[in-house]
Amino acid sequence: MSIRINLALQGGGAHGAFTWGVLDRLLQEQDIEIAAISGTSAGALNAAALKAGMVQGGAKGARAALDTLWHKVGAVHDLRLTGWIAQALPPVGVLNAWAERLMPVSAADAASLVASPYALGPLYRNPLQSIVEGLSYDRVCAGEGPELHIAATNVRSGKIKVFSGARIAPEVILASACLPTLFQAVEITDPDTGETDAYWDGGYTGNPALFPLFAPDLPDDILVVSLNPLYRDDVPTTPQDIQNRINEISFNSSLLRELRAIRFVKRLIAESRVERGAMKDVLMHMIADDALMTSLSVNTKLTPTPYLLHSLKEAGRKACDAFLSRHKGDLNTRASLDLEAMFD
């Protein structure tokens, strides 16, 4: 008997390689079935690659598709060499600290203060475009395999927009990963109304969006793969640390709102104030490595070096392995994420 779960994949630029590792390990569990995926930004890329690969070749195909995706992101074709070099290098958190001392402000951050992505005019091209367009959309949008939901932010209204099924196209994934200081807004035309809207990164309004996973026909379990630390022990004092924490809080705010709403509904059900079955009694789970992510910074999200991606993939595999060891028996039975303690 299979264990059916939903996945909710956060965005976080190059840190999405951590999710690559989580998925790579999760796909080795033959009795776990992924019913639906909600992804944002890097999570959208991971979700689309997983879906396309799974439709083509099952779990093995999904793992191969994820490998191909991140090899392209890192502009390398074989990370085995990176793994060998990694043995002689310090942890990525140490390298990040060295880099911040040498260059307190990243080139991308400095450029965003004085130039708009629109300044290039007709010469502009989104650097992710060739990677995103390389996905097989007949498989990404296929009726078989996990349901797929991708979140983006409507620039004019400031509201979340979730694209699902056949509505997912290259521009949808580009929009979901569109940081406005780096990329031009992505315009998407609604095939029903003919109206065109501009979209930015979905992380501002749904990182990731959980509500598409509340459908009655989907399993109760939602496994969030978190890339942005929810909690930090220290109050930031340096410009870099302050900016890092602002980034983390901003991109976690929508997730925390949805988790708080789930907690509220679960209380209503537990207290019999809502008839059981009238609302979804969601079972929340989370895979994260806050110790690793707090050692990194927002700058590393924009620098997908092969060494960083390899290190994050391995960290994701280890985090998933630890989760499965502790909580695989909880899946389809009980929540492993304590929402009461989180919001106490």
# chains A, B, ... in the order shown; residues from 1 in each chain; ligands from 1

call {"tool": "select_by_dssp", "arguments": {"residues": "region 141-248 of chain A", "states": "alpha helix (DSSP H)", "output": "ChimeraX atom specification"}}
result
/A:170-176,239-248

call {"tool": "write_last_selection", "arguments": {"atoms": "N, CA, C and O atoms", "output": "short mmCIF file (atom, residue, chain, number, x, y, z; two decimals), in the first residue's frame"}}
result
data_model
loop_
_atom_site.label_atom_id
_atom_site.label_comp_id
_atom_site.auth_asym_id
_atom_site.auth_seq_id
_atom_site.Cartn_x
_atom_site.Cartn_y
_atom_site.Cartn_z
N PRO A 170 6.38 27.94 -20.22
CA PRO A 170 7.68 28.51 -19.84
C PRO A 170 7.57 29.86 -19.15
O PRO A 170 8.25 30.12 -18.16
N GLU A 171 6.68 30.73 -19.66
CA GLU A 171 6.57 32.06 -19.06
C GLU A 171 6.03 32.00 -17.64
O GLU A 171 6.32 32.88 -16.82
N VAL A 172 5.25 30.98 -17.31
CA VAL A 172 4.73 30.83 -15.94
C VAL A 172 5.86 30.53 -14.97
O VAL A 172 5.94 31.12 -13.88
N ILE A 173 6.76 29.62 -15.35
CA ILE A 173 7.87 29.28 -14.47
C ILE A 173 8.85 30.45 -14.39
O ILE A 173 9.39 30.76 -13.32
N LEU A 174 9.07 31.14 -15.49
CA LEU A 174 9.93 32.34 -15.47
C LEU A 174 9.33 33.41 -14.56
O LEU A 174 10.05 34.09 -13.83
N ALA A 175 8.01 33.57 -14.60
CA ALA A 175 7.35 34.55 -13.75
C ALA A 175 7.50 34.17 -12.28
O ALA A 175 7.77 35.01 -11.42
N SER A 176 7.34 32.89 -11.97
CA SER A 176 7.44 32.43 -10.59
C SER A 176 8.81 32.69 -10.00
O SER A 176 8.96 32.85 -8.79
N PRO A 239 25.18 45.17 7.96
CA PRO A 239 24.30 45.39 6.80
C PRO A 239 23.93 44.10 6.08
O PRO A 239 22.78 43.92 5.68
N GLN A 240 24.92 43.20 5.92
CA GLN A 240 24.64 41.94 5.23
C GLN A 240 23.63 41.09 6.00
O GLN A 240 22.69 40.55 5.42
N ASP A 241 23.86 40.98 7.32
CA ASP A 241 22.96 40.15 8.13
C ASP A 241 21.55 40.73 8.20
O ASP A 241 20.56 39.99 8.22
N ILE A 242 21.46 42.04 8.26
CA ILE A 242 20.14 42.68 8.28
C ILE A 242 19.40 42.39 6.98
O ILE A 242 18.22 42.03 6.98
N GLN A 243 20.11 42.53 5.86
CA GLN A 243 19.48 42.27 4.56
C GLN A 243 19.08 40.81 4.43
O GLN A 243 18.01 40.49 3.90
N ASN A 244 19.92 39.92 4.93
CA ASN A 244 19.60 38.49 4.88
C ASN A 244 18.30 38.21 5.63
O ASN A 244 17.43 37.48 5.15
N ARG A 245 18.18 38.79 6.84
CA ARG A 245 17.00 38.50 7.66
C ARG A 245 15.74 39.11 7.07
O ARG A 245 14.66 38.52 7.13
N ILE A 246 15.87 40.31 6.50
CA ILE A 246 14.73 40.92 5.82
C ILE A 246 14.25 40.01 4.69
O ILE A 246 13.05 39.78 4.52
N ASN A 247 15.19 39.47 3.94
CA ASN A 247 14.86 38.57 2.84
C ASN A 247 14.14 37.33 3.34
O ASN A 247 13.12 36.90 2.78
N GLU A 248 14.65 36.74 4.42
CA GLU A 248 14.05 35.53 4.97
C GLU A 248 12.63 35.78 5.49
O GLU A 248 11.71 35.00 5.24
#

call {"tool": "closest_atom_pairs", "arguments": {"of": "region 35-75 of chain A", "to": "region 155-163 of chain A", "cutoff": "10 Å", "atoms": "only C-alpha atoms", "output": "tab-separated table"}}
result
residue	atom	partner	partner_atom	distance
A:Ser38	CA	A:Val162	CA	9.0
A:Gly39	CA	A:Val162	CA	9.7
A:Thr40	CA	A:Val162	CA	9.6

call {"tool": "closest_atom_pairs", "arguments": {"of": "region 16-83 of chain A", "to": "region 207-230 of chain A", "cutoff": "12 Å", "atoms": "only C-alpha atoms", "output": "CSV"}}
result
residue,atom,partner,partner_atom,distance
A:Gly16,CA,A:Leu227,CA,7.2
A:Ala17,CA,A:Leu227,CA,9.6
A:Phe18,CA,A:Leu227,CA,7.6
A:Thr19,CA,A:Val225,CA,6.5
A:Trp20,CA,A:Val225,CA,10.0
A:Gly21,CA,A:Val225,CA,10.6
A:Val22,CA,A:Val225,CA,7.8
A:Leu23,CA,A:Val225,CA,9.2
A:Leu26,CA,A:Leu223,CA,11.1
A:Ile32,CA,A:Asp221,CA,11.6
A:Glu33,CA,A:Pro219,CA,10.2
A:Ile34,CA,A:Pro219,CA,9.5
A:Ala35,CA,A:Leu218,CA,6.7
A:Ala36,CA,A:Leu213,CA,7.0
A:Ile37,CA,A:Leu213,CA,7.8
A:Ser38,CA,A:Ala209,CA,6.3
A:Gly39,CA,A:Pro208,CA,5.7
A:Thr40,CA,A:Pro208,CA,5.4
A:Ser41,CA,A:Asn207,CA,8.3
A:Ala42,CA,A:Leu227,CA,10.0
A:Gly43,CA,A:Pro208,CA,7.8
A:Ala44,CA,A:Pro208,CA,9.1
A:Asn46,CA,A:Val225,CA,11.2
A:Ala47,CA,A:Pro208,CA,11.4

call {"tool": "residues_around", "arguments": {"residues": "Ile188 (chain A)", "least_positions_apart": "3", "cutoff": "7 Å", "atoms": "only C-alpha atoms", "output": "list in words"}}
result
Glu171, Thr196, Asp197 and Ala198 of chain A

call {"tool": "write_last_selection", "arguments": {"atoms": "all heavy atoms", "output": "JSON list (two decimals), in the first residue's frame"}}
result
[["chain", "number", "residue", "atom", "x", "y", "z"],
["A", 171, "GLU", "N", 6.68, 30.73, -19.66],
["A", 171, "GLU", "CA", 6.57, 32.06, -19.06],
["A", 171, "GLU", "C", 6.03, 32.00, -17.64],
["A", 171, "GLU", "O", 6.32, 32.88, -16.82],
["A", 171, "GLU", "CB", 5.70, 32.98, -19.92],
["A", 171, "GLU", "CG", 4.28, 32.50, -20.19],
["A", 171, "GLU", "CD", 4.15, 31.70, -21.46],
["A", 171, "GLU", "OE1", 5.17, 31.12, -21.91],
["A", 171, "GLU", "OE2", 3.03, 31.65, -22.01],
["A", 196, "THR", "N", -3.68, 40.56, -20.65],
["A", 196, "THR", "CA", -2.28, 40.30, -20.33],
["A", 196, "THR", "C", -1.89, 41.00, -19.03],
["A", 196, "THR", "O", -2.19, 42.18, -18.86],
["A", 196, "THR", "CB", -1.36, 40.76, -21.47],
["A", 196, "THR", "OG1", -1.69, 40.05, -22.67],
["A", 196, "THR", "CG2", 0.11, 40.52, -21.12],
["A", 197, "ASP", "N", -1.25, 40.26, -18.13],
["A", 197, "ASP", "CA", -0.80, 40.82, -16.86],
["A", 197, "ASP", "C", 0.68, 40.56, -16.69],
["A", 197, "ASP", "O", 1.24, 39.61, -17.26],
["A", 197, "ASP", "CB", -1.57, 40.21, -15.69],
["A", 197, "ASP", "CG", -2.85, 40.95, -15.38],
["A", 197, "ASP", "OD1", -2.80, 42.19, -15.26],
["A", 197, "ASP", "OD2", -3.90, 40.29, -15.27],
["A", 198, "ALA", "N", 1.31, 41.41, -15.88],
["A", 198, "ALA", "CA", 2.74, 41.27, -15.58],
["A", 198, "ALA", "C", 2.89, 40.57, -14.23],
["A", 198, "ALA", "O", 2.14, 40.84, -13.29],
["A", 198, "ALA", "CB", 3.40, 42.64, -15.54]]

call {"tool": "atom_distance", "arguments": {"atom1": "CA of Ser116 (chain A)", "atom2": "CA of Thr305 (chain A)"}}
result
24.6 Å

call {"tool": "closest_residue", "arguments": {"among": "A:Met284, A:Ala14, A:Ala119, A:Cys320", "to": "Leu259 (chain A)", "atoms": "only C-alpha atoms"}}
result
A:Met284

call {"tool": "closest_residue", "arguments": {"among": "A:Val55, A:Ala151, A:Leu69, A:Ala166", "to": "Arg139 (chain A)", "atoms": "only C-alpha atoms"}}
result
A:Val55

call {"tool": "residues_around", "arguments": {"residues": "Ala49 (chain A)", "least_positions_apart": "5", "cutoff": "9 Å", "atoms": "only C-alpha atoms", "output": "list in words"}}
result
Ala44, Met54, Ala62, Arg63, Ala65, Leu66, Thr68, Leu69, Leu135, Ser136 and Val140 of chain A

call {"tool": "write_last_selection", "arguments": {"atoms": "N, CA, C and O atoms", "output": "short mmCIF file (atom, residue, chain, number, x, y, z; two decimals), in the first residue's frame"}}
result
data_model
loop_
_atom_site.label_atom_id
_atom_site.label_comp_id
_atom_site.auth_asym_id
_atom_site.auth_seq_id
_atom_site.Cartn_x
_atom_site.Cartn_y
_atom_site.Cartn_z
N ALA A 44 9.43 25.89 -8.23
CA ALA A 44 8.68 25.65 -9.46
C ALA A 44 9.53 24.90 -10.48
O ALA A 44 9.05 24.00 -11.17
N MET A 54 9.10 12.23 -14.27
CA MET A 54 8.28 11.12 -13.76
C MET A 54 7.32 10.61 -14.83
O MET A 54 7.12 9.40 -14.97
N ALA A 62 12.48 10.95 -13.02
CA ALA A 62 12.39 12.20 -12.27
C ALA A 62 13.74 12.59 -11.70
O ALA A 62 14.15 13.76 -11.75
N ARG A 63 14.46 11.62 -11.14
CA ARG A 63 15.79 11.91 -10.60
C ARG A 63 16.74 12.37 -11.70
O ARG A 63 17.53 13.31 -11.51
N ALA A 65 15.90 13.85 -14.52
CA ALA A 65 15.48 15.18 -14.97
C ALA A 65 15.96 16.26 -14.01
O ALA A 65 16.37 17.35 -14.44
N LEU A 66 15.90 15.99 -12.72
CA LEU A 66 16.40 16.95 -11.73
C LEU A 66 17.90 17.13 -11.85
O LEU A 66 18.42 18.25 -11.74
N THR A 68 19.66 16.81 -14.58
CA THR A 68 19.87 17.61 -15.79
C THR A 68 19.60 19.08 -15.54
O THR A 68 20.36 19.96 -15.96
N LEU A 69 18.50 19.37 -14.84
CA LEU A 69 18.14 20.75 -14.54
C LEU A 69 19.27 21.46 -13.80
O LEU A 69 19.70 22.55 -14.21
N LEU A 135 12.54 22.40 -20.77
CA LEU A 135 11.67 21.40 -20.15
C LEU A 135 10.63 20.91 -21.16
O LEU A 135 10.23 21.66 -22.06
N SER A 136 10.20 19.68 -21.02
CA SER A 136 9.19 19.10 -21.94
C SER A 136 7.80 19.41 -21.41
O SER A 136 7.32 18.76 -20.48
N VAL A 140 5.17 18.18 -18.58
CA VAL A 140 4.89 19.06 -17.43
C VAL A 140 3.39 19.24 -17.26
O VAL A 140 2.87 19.27 -16.13
#

call {"tool": "closest_residue", "arguments": {"among": "A:Arg232, A:Gly316, A:Ala152, A:Gly143", "to": "Gly202 (chain A)", "atoms": "only C-alpha atoms"}}
result
A:Ala152

call {"tool": "closest_residue", "arguments": {"among": "A:Asn6, A:Thr181, A:Thr238, A:Ser164", "to": "Pro117 (chain A)", "atoms": "only C-alpha atoms"}}
result
A:Thr181

call {"tool": "residues_around", "arguments": {"residues": "Gly58 (chain A)", "least_positions_apart": "6", "cutoff": "12 Å", "atoms": "only C-alpha atoms", "output": "list of chain:residue names"}}
result
A:Leu27, A:Gln28, A:Gln30, A:Glu33, A:Ile34, A:Leu50, A:Lys51, A:Ala52, A:Ala64, A:Ala65, A:Arg139, A:Glu144, A:Gly145, A:Pro146

call {"tool": "write_last_selection", "arguments": {"atoms": "C-alpha atoms", "output": "PDB file, in the first residue's frame"}}
result
ATOM      1  CA  LEU A  27      12.192   9.409  -4.983  1.00  0.00           C
ATOM      2  CA  GLN A  28      14.134   6.360  -3.817  1.00  0.00           C
ATOM      3  CA  GLN A  30       9.211   3.041  -3.671  1.00  0.00           C
ATOM      4  CA  GLU A  33       3.527   8.402  -4.044  1.00  0.00           C
ATOM      5  CA  ILE A  34       3.630  12.127  -4.795  1.00  0.00           C
ATOM      6  CA  LEU A  50      10.267  16.204 -11.399  1.00  0.00           C
ATOM      7  CA  LYS A  51       6.862  16.012 -13.095  1.00  0.00           C
ATOM      8  CA  ALA A  52       8.309  15.859 -16.621  1.00  0.00           C
ATOM      9  CA  ALA A  64      17.524  12.107 -13.988  1.00  0.00           C
ATOM     10  CA  ALA A  65      15.480  15.181 -14.975  1.00  0.00           C
ATOM     11  CA  ARG A 139       4.956  16.116 -19.864  1.00  0.00           C
ATOM     12  CA  GLU A 144      -0.865  11.740 -15.522  1.00  0.00           C
ATOM     13  CA  GLY A 145       1.637  12.022 -12.700  1.00  0.00           C
ATOM     14  CA  PRO A 146       1.446  14.493  -9.803  1.00  0.00           C
TER      15      PRO A 146
END

call {"tool": "closest_residue", "arguments": {"among": "A:Ala48, A:Gln129, A:Thr300, A:Asp289", "to": "Glu314 (chain A)", "atoms": "only C-alpha atoms"}}
result
A:Asp289

call {"tool": "select_by_dssp", "arguments": {"residues": "region 247-328 of chain A", "states": "strand (DSSP E)", "output": "list in words"}}
result
Leu283, Met284, His285, Met286 and Ile287 of chain A

call {"tool": "closest_atom_pairs", "arguments": {"of": "region 185-296 of chain A", "to": "region 323-330 of chain A", "cutoff": "9 Å", "atoms": "only C-alpha atoms", "output": "Markdown table"}}
result
| residue | atom | partner | partner_atom | distance |
| --- | --- | --- | --- | --- |
| A:His285 | CA | A:His327 | CA | 8.7 |
| A:Met286 | CA | A:Phe323 | CA | 8.4 |
| A:Ile287 | CA | A:Phe323 | CA | 6.7 |

call {"tool": "closest_residue", "arguments": {"among": "A:His149, A:Ser253, A:Tyr231, A:Lys72", "to": "Thr294 (chain A)", "atoms": "only C-alpha atoms"}}
result
A:Tyr231

call {"tool": "residues_around", "arguments": {"residues": "Val73 (chain A)", "least_positions_apart": "6", "cutoff": "10 Å", "atoms": "only C-alpha atoms", "output": "PyMOL selection string"}}
result
chain A and resi 14+17+67+127-128+131+303-306+309

call {"tool": "atom_distance", "arguments": {"atom1": "CA of Leu148 (chain A)", "atom2": "CA of Ile168 (chain A)"}}
result
8.4 Å

call {"tool": "atom_distance", "arguments": {"atom1": "CA of Lys318 (chain A)", "atom2": "CA of Leu296 (chain A)"}}
result
17.6 Å

call {"tool": "residues_around", "arguments": {"residues": "Ile262 (chain A)", "least_positions_apart": "5", "cutoff": "10 Å", "atoms": "only C-alpha atoms", "output": "PyMOL selection string"}}
result
chain A and resi 210-211+256-257+267-268+280-284+339

call {"tool": "write_last_selection", "arguments": {"atoms": "all heavy atoms", "output": "compact mmCIF listing (two decimals), in the first residue's frame"}}
result
# COMPACT_ATOMS: atom_id res chain seq x y z
N LEU A 210 0.09 26.81 -0.23
CA LEU A 210 -0.42 25.53 0.28
C LEU A 210 -1.86 25.26 -0.12
O LEU A 210 -2.26 24.10 -0.28
CB LEU A 210 -0.31 25.51 1.82
CG LEU A 210 1.08 25.70 2.43
CD1 LEU A 210 1.02 25.54 3.94
CD2 LEU A 210 2.09 24.73 1.84
N PHE A 211 -2.66 26.31 -0.30
CA PHE A 211 -4.10 26.11 -0.49
C PHE A 211 -4.47 25.28 -1.71
O PHE A 211 -5.51 24.60 -1.70
CB PHE A 211 -4.84 27.46 -0.51
CG PHE A 211 -4.51 28.37 -1.66
CD1 PHE A 211 -5.17 28.27 -2.87
CD2 PHE A 211 -3.54 29.36 -1.52
CE1 PHE A 211 -4.87 29.13 -3.93
CE2 PHE A 211 -3.23 30.21 -2.57
CZ PHE A 211 -3.90 30.09 -3.78
N LEU A 256 3.92 31.31 6.66
CA LEU A 256 3.52 31.36 8.07
C LEU A 256 2.04 31.69 8.20
O LEU A 256 1.36 31.15 9.09
CB LEU A 256 4.37 32.40 8.81
CG LEU A 256 5.83 32.00 9.05
CD1 LEU A 256 6.62 33.16 9.63
CD2 LEU A 256 5.92 30.78 9.97
N ARG A 257 1.52 32.55 7.34
CA ARG A 257 0.09 32.87 7.39
C ARG A 257 -0.75 31.61 7.11
O ARG A 257 -1.75 31.36 7.79
CB ARG A 257 -0.25 33.97 6.38
CG ARG A 257 0.13 35.37 6.84
CD ARG A 257 -0.56 36.42 5.98
NE ARG A 257 -0.19 36.33 4.59
CZ ARG A 257 0.85 36.96 4.04
NH1 ARG A 257 1.62 37.73 4.81
NH2 ARG A 257 1.12 36.85 2.76
N ARG A 267 -7.74 23.37 15.27
CA ARG A 267 -8.32 23.62 16.59
C ARG A 267 -9.84 23.52 16.53
O ARG A 267 -10.47 22.93 17.41
CB ARG A 267 -7.91 25.00 17.09
CG ARG A 267 -6.54 25.05 17.74
CD ARG A 267 -6.30 26.41 18.36
NE ARG A 267 -5.10 26.46 19.16
CZ ARG A 267 -4.71 27.52 19.85
NH1 ARG A 267 -5.43 28.64 19.82
NH2 ARG A 267 -3.59 27.49 20.56
N LEU A 268 -10.42 24.11 15.48
CA LEU A 268 -11.88 24.04 15.34
C LEU A 268 -12.36 22.60 15.22
O LEU A 268 -13.37 22.21 15.82
CB LEU A 268 -12.32 24.84 14.10
CG LEU A 268 -12.12 26.35 14.14
CD1 LEU A 268 -12.58 26.97 12.81
CD2 LEU A 268 -12.87 26.99 15.30
N LYS A 280 -10.65 20.47 5.59
CA LYS A 280 -9.52 19.55 5.49
C LYS A 280 -8.70 19.59 6.79
O LYS A 280 -8.29 20.65 7.25
CB LYS A 280 -8.63 19.95 4.32
CG LYS A 280 -7.56 18.94 3.97
CD LYS A 280 -7.92 18.18 2.73
CE LYS A 280 -6.79 17.33 2.22
NZ LYS A 280 -7.15 16.59 1.02
N ASP A 281 -8.46 18.43 7.37
CA ASP A 281 -7.62 18.31 8.56
C ASP A 281 -6.20 17.97 8.08
O ASP A 281 -5.80 16.81 8.02
CB ASP A 281 -8.16 17.23 9.49
CG ASP A 281 -7.49 17.24 10.86
OD1 ASP A 281 -6.62 18.13 11.08
OD2 ASP A 281 -7.80 16.39 11.69
N VAL A 282 -5.46 19.01 7.74
CA VAL A 282 -4.16 18.85 7.09
C VAL A 282 -3.12 18.32 8.07
O VAL A 282 -3.05 18.76 9.23
CB VAL A 282 -3.70 20.19 6.49
CG1 VAL A 282 -2.32 20.04 5.85
CG2 VAL A 282 -4.70 20.70 5.47
N LEU A 283 -2.30 17.40 7.59
CA LEU A 283 -1.19 16.86 8.38
C LEU A 283 0.11 17.47 7.82
O LEU A 283 0.52 17.13 6.71
CB LEU A 283 -1.15 15.34 8.29
CG LEU A 283 -2.42 14.60 8.72
CD1 LEU A 283 -2.25 13.09 8.54
CD2 LEU A 283 -2.79 14.93 10.16
N MET A 284 0.72 18.37 8.58
CA MET A 284 1.89 19.10 8.10
C MET A 284 3.19 18.42 8.49
O MET A 284 3.35 17.93 9.61
CB MET A 284 1.89 20.53 8.63
CG MET A 284 0.80 21.42 8.07
SD MET A 284 0.85 21.59 6.25
CE MET A 284 2.56 22.06 5.96
N LEU A 339 2.50 22.63 15.00
CA LEU A 339 2.06 24.00 14.74
C LEU A 339 1.76 24.75 16.04
O LEU A 339 1.91 25.97 16.11
CB LEU A 339 0.84 24.00 13.83
CG LEU A 339 1.06 23.42 12.43
CD1 LEU A 339 -0.24 23.47 11.64
CD2 LEU A 339 2.16 24.19 11.70

call {"tool": "decode", "arguments": {"residues": "region 7-22 of chain A", "atoms": "N, CA, C and O atoms", "output": "mmCIF file, in the first residue's frame"}}
result
data_model
loop_
_atom_site.group_PDB
_atom_site.id
_atom_site.type_symbol
_atom_site.label_atom_id
_atom_site.label_comp_id
_atom_site.auth_asym_id
_atom_site.auth_seq_id
_atom_site.Cartn_x
_atom_site.Cartn_y
_atom_site.Cartn_z
ATOM 1 N N LEU A 7 3.630 17.660 -1.990
ATOM 2 C CA LEU A 7 4.865 18.402 -1.746
ATOM 3 C C LEU A 7 4.621 19.886 -1.932
ATOM 4 O O LEU A 7 3.898 20.310 -2.842
ATOM 5 N N ALA A 8 5.239 20.695 -1.067
ATOM 6 C CA ALA A 8 5.202 22.151 -1.179
ATOM 7 C C ALA A 8 6.645 22.632 -1.157
ATOM 8 O O ALA A 8 7.332 22.507 -0.142
ATOM 9 N N LEU A 9 7.120 23.158 -2.293
ATOM 10 C CA LEU A 9 8.537 23.452 -2.483
ATOM 11 C C LEU A 9 8.788 24.954 -2.489
ATOM 12 O O LEU A 9 8.315 25.677 -3.380
ATOM 13 N N GLN A 10 9.558 25.430 -1.504
ATOM 14 C CA GLN A 10 9.879 26.845 -1.400
ATOM 15 C C GLN A 10 10.840 27.289 -2.491
ATOM 16 O O GLN A 10 11.580 26.486 -3.064
ATOM 17 N N GLY A 11 10.844 28.601 -2.733
ATOM 18 C CA GLY A 11 11.828 29.205 -3.613
ATOM 19 C C GLY A 11 13.013 29.707 -2.810
ATOM 20 O O GLY A 11 12.908 29.937 -1.604
ATOM 21 N N GLY A 12 14.134 29.901 -3.495
ATOM 22 C CA GLY A 12 15.327 30.386 -2.812
ATOM 23 C C GLY A 12 16.533 30.413 -3.723
ATOM 24 O O GLY A 12 17.657 30.205 -3.273
ATOM 25 N N GLY A 13 16.305 30.640 -5.023
ATOM 26 C CA GLY A 13 17.429 30.741 -5.950
ATOM 27 C C GLY A 13 18.270 29.480 -5.969
ATOM 28 O O GLY A 13 17.748 28.361 -5.973
ATOM 29 N N ALA A 14 19.584 29.661 -5.922
ATOM 30 C CA ALA A 14 20.506 28.527 -5.960
ATOM 31 C C ALA A 14 20.331 27.597 -4.771
ATOM 32 O O ALA A 14 20.693 26.421 -4.846
ATOM 33 N N HIS A 15 19.750 28.106 -3.680
ATOM 34 C CA HIS A 15 19.500 27.242 -2.520
ATOM 35 C C HIS A 15 18.485 26.149 -2.847
ATOM 36 O O HIS A 15 18.328 25.197 -2.086
ATOM 37 N N GLY A 16 17.802 26.290 -3.984
ATOM 38 C CA GLY A 16 16.877 25.248 -4.426
ATOM 39 C C GLY A 16 17.573 23.928 -4.697
ATOM 40 O O GLY A 16 16.902 22.889 -4.819
ATOM 41 N N ALA A 17 18.901 23.936 -4.782
ATOM 42 C CA ALA A 17 19.642 22.681 -4.935
ATOM 43 C C ALA A 17 19.478 21.799 -3.698
ATOM 44 O O ALA A 17 19.629 20.576 -3.783
ATOM 45 N N PHE A 18 19.184 22.400 -2.549
ATOM 46 C CA PHE A 18 18.874 21.619 -1.349
ATOM 47 C C PHE A 18 17.629 20.776 -1.607
ATOM 48 O O PHE A 18 17.580 19.583 -1.266
ATOM 49 N N THR A 19 16.623 21.378 -2.226
ATOM 50 C CA THR A 19 15.395 20.659 -2.571
ATOM 51 C C THR A 19 15.683 19.556 -3.582
ATOM 52 O O THR A 19 15.081 18.467 -3.523
ATOM 53 N N TRP A 20 16.569 19.821 -4.507
ATOM 54 C CA TRP A 20 17.025 18.783 -5.448
ATOM 55 C C TRP A 20 17.473 17.546 -4.674
ATOM 56 O O TRP A 20 17.074 16.414 -4.979
ATOM 57 N N GLY A 21 18.295 17.754 -3.648
ATOM 58 C CA GLY A 21 18.768 16.630 -2.851
ATOM 59 C C GLY A 21 17.660 15.926 -2.093
ATOM 60 O O GLY A 21 17.621 14.692 -2.025
ATOM 61 N N VAL A 22 16.731 16.726 -1.530
ATOM 62 C CA VAL A 22 15.588 16.134 -0.815
ATOM 63 C C VAL A 22 14.782 15.246 -1.758
ATOM 64 O O VAL A 22 14.446 14.097 -1.433
#
